[in-house]
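S.K.: Can you keep this structure in mind? I'll have questions shortly.
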Amino acid sequence: MPPSKLVLASPRGYCAGVERAVDTVEQALEHFGAPVYVRKEIVHNRHVVRELADRGAVFVESECDVPEGSVLVLSAHGVAPEVYRNSRDRELQVLDATCPLVTKVHAEARRYARDGYTIVLVGHEGHEEVVGTMGEAPDAIRLIATVDEVDTLEVEDPERVAYITQTTLSVDETLEVIAALRRRFPAIIGPKKDDICYATQNRQNAVKALAARADLVLVIGSRNSSNSNRLVEVTRELGVPAYLVDDELAIDPAWLEGVETVGITSGASAPESLVERVIDHFRALGAEDVEFQALVDEDVHFQLPARLRSRA
């Protein structure tokens, strides 16, 4: 028998930073016309990237690949200072779609480095957000991801250590790493407010509540989406099977054997249209009961880049 009930987590899907980034590309295409160049993926979702490409966005690996004088959108994940310098040298019209919460972490890195601290960045090596943050103070930053790495950290002065974090990490795991840092470096300082963004926290709390009611949880998001992967991990740590799917086509029927209630959520870079497609898929299989589980209301909104606002 197919699942008979669906429970949808809320909040889920787009956060304010992702919405701003996607809107930036859409508005740039409308105001400047195609092509509009985008450095890296504007957000980590292959459906969003493909749809924007179909409308005239050209995704490039480097600002150095963009014709001089062209419009360039920087992704939500943030970039290193070198990218801005290269863009100025090529006289690019830059629209900075960096999430303001990532910009906050960059500012922290610059401040701690200026004040002579060794900075411990908790994050995943190679992630675009981490690459951008490390570019702010490459000589001062030490990157770690786990509690085990704390013991092997080498710093110039144990009394002058600060920490910052990637915005899309597991809240619980990050708190464990920070606790380990505090044990090893009692004088360590950090941001007044956690770097992990409100949307990441809210979606992890929502999926925990969802896991208590579901036999199986599906997280809609792409493989390179850090926050989506964390939702899967958080659910599995609670003993509930969970899978990351790009869309309904990725759902394996074998996962549904013996499952009555399916919990559905989506990462912060997944559009609601993908959730609707998954719901329609289960309705076609015979699921009639669809319930919405609301945890908190999100009312955060970020303005578009100034250059777009002025044109509007």
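Residue numbering restarts at 1 in every chain; chains get A, B, ... in the order shown in the structure tokens, and ligands count up from 1 in that same order.
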Which residues, written as a compact mmCIF listing (two decimals) with N, CA and C atoms, in the first residue's frame, have at least one atom at most 12 Å from Gln93 of chain A, with only C-alpha atoms counted and residues fewer than 6 positions away on the same chain left out?
M.R.:
# COMPACT_ATOMS: atom_id res chain seq x y z
N ALA A 28 17.67 41.62 -12.83
CA ALA A 28 18.77 42.03 -13.71
C ALA A 28 18.45 41.69 -15.16
N PHE A 32 18.41 44.83 -17.52
CA PHE A 32 19.57 44.94 -18.39
C PHE A 32 19.44 44.12 -19.67
N VAL A 36 22.93 38.07 -18.70
CA VAL A 36 23.42 38.49 -17.39
C VAL A 36 24.29 37.35 -16.87
N TYR A 37 25.51 37.67 -16.48
CA TYR A 37 26.44 36.64 -16.03
C TYR A 37 26.30 36.44 -14.51
N VAL A 38 26.42 35.19 -14.09
CA VAL A 38 26.32 34.85 -12.68
C VAL A 38 27.54 34.02 -12.30
N GLU A 63 34.83 35.32 -12.33
CA GLU A 63 34.58 36.65 -12.87
C GLU A 63 35.51 36.96 -14.03
N VAL A 66 34.08 36.59 -17.63
CA VAL A 66 33.00 37.48 -18.05
C VAL A 66 33.55 38.57 -18.97
N PRO A 67 32.89 38.83 -20.10
CA PRO A 67 33.35 39.90 -20.99
C PRO A 67 33.39 41.25 -20.26
N GLU A 68 34.41 42.04 -20.56
CA GLU A 68 34.57 43.32 -19.89
C GLU A 68 33.34 44.20 -20.07
N GLY A 69 32.95 44.88 -18.97
CA GLY A 69 31.82 45.79 -19.01
C GLY A 69 30.46 45.13 -18.83
N SER A 70 30.41 43.81 -18.72
CA SER A 70 29.13 43.10 -18.62
C SER A 70 28.55 43.17 -17.21
N VAL A 71 27.29 42.76 -17.10
CA VAL A 71 26.62 42.67 -15.80
C VAL A 71 26.97 41.33 -15.16
N LEU A 72 27.43 41.39 -13.91
CA LEU A 72 27.79 40.18 -13.19
C LEU A 72 27.07 40.15 -11.85
N VAL A 73 26.39 39.05 -11.57
CA VAL A 73 25.74 38.84 -10.28
C VAL A 73 26.61 37.89 -9.45
N LEU A 74 26.89 38.28 -8.23
CA LEU A 74 27.62 37.42 -7.31
C LEU A 74 26.64 36.62 -6.49
N TYR A 84 36.12 40.94 -6.03
CA TYR A 84 35.74 42.34 -6.25
C TYR A 84 36.83 43.09 -7.00
N ASN A 86 39.09 41.82 -9.10
CA ASN A 86 39.08 41.37 -10.49
C ASN A 86 37.92 41.98 -11.27
N SER A 87 36.79 42.09 -10.61
CA SER A 87 35.59 42.65 -11.27
C SER A 87 35.80 44.13 -11.60
N PRO A 305 19.99 44.49 -4.25
CA PRO A 305 21.18 45.33 -4.32
C PRO A 305 20.84 46.75 -4.74
N ARG A 307 22.04 48.94 -6.75
CA ARG A 307 22.00 49.30 -8.18
C ARG A 307 20.68 48.91 -8.83
N LEU A 308 20.10 47.80 -8.41
CA LEU A 308 18.80 47.39 -8.95
C LEU A 308 17.69 48.26 -8.38
S.K.: Contacts between segment 271-275 of chain A and segment 220-243 of chain A, please, where a residue of segment 220-243 of chain A counts if it comes within 12 Å (with only C-alpha atoms); show its shortest atom pair and distance in Å to one decimal, rows by chain and ascending number, as a tab-separated table.
M.R.:
residue	atom	partner	partner_atom	distance
A:Ile220	CA	A:Val275	CA	7.1
A:Gly221	CA	A:Leu274	CA	8.9
A:Ser222	CA	A:Pro271	CA	11.1
S.K.: What does the file look like for those residues with N, CA and C atoms, as a compact mmCIF listing (two decimals), in the first residue's frame?
M.R.:
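Generated output (again33.txt):
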# COMPACT_ATOMS: atom_id res chain seq x y z
N ILE A 220 13.57 17.96 0.13
CA ILE A 220 13.71 18.38 -1.26
C ILE A 220 14.83 19.39 -1.36
N GLY A 221 15.84 19.06 -2.15
CA GLY A 221 17.00 19.94 -2.31
C GLY A 221 18.06 19.24 -3.13
N SER A 222 19.02 20.00 -3.60
CA SER A 222 20.08 19.44 -4.44
C SER A 222 21.26 18.95 -3.60
S.K.: Could you check which of A:Ala76, A:Ala53, A:Ile144, A:Val296 is closest to Ile164 of chain A, using only C-alpha atoms?
M.R.: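 Closest candidate: A:Ile144.
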S.K.: Distance atom CA of Arg110 of chain A-atom CA of Asp148 of chain A, one decimal place?
M.R.: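 Result for atom CA of Arg110 of chain A versus atom CA of Asp148 of chain A: 26.4 Å, one decimal.
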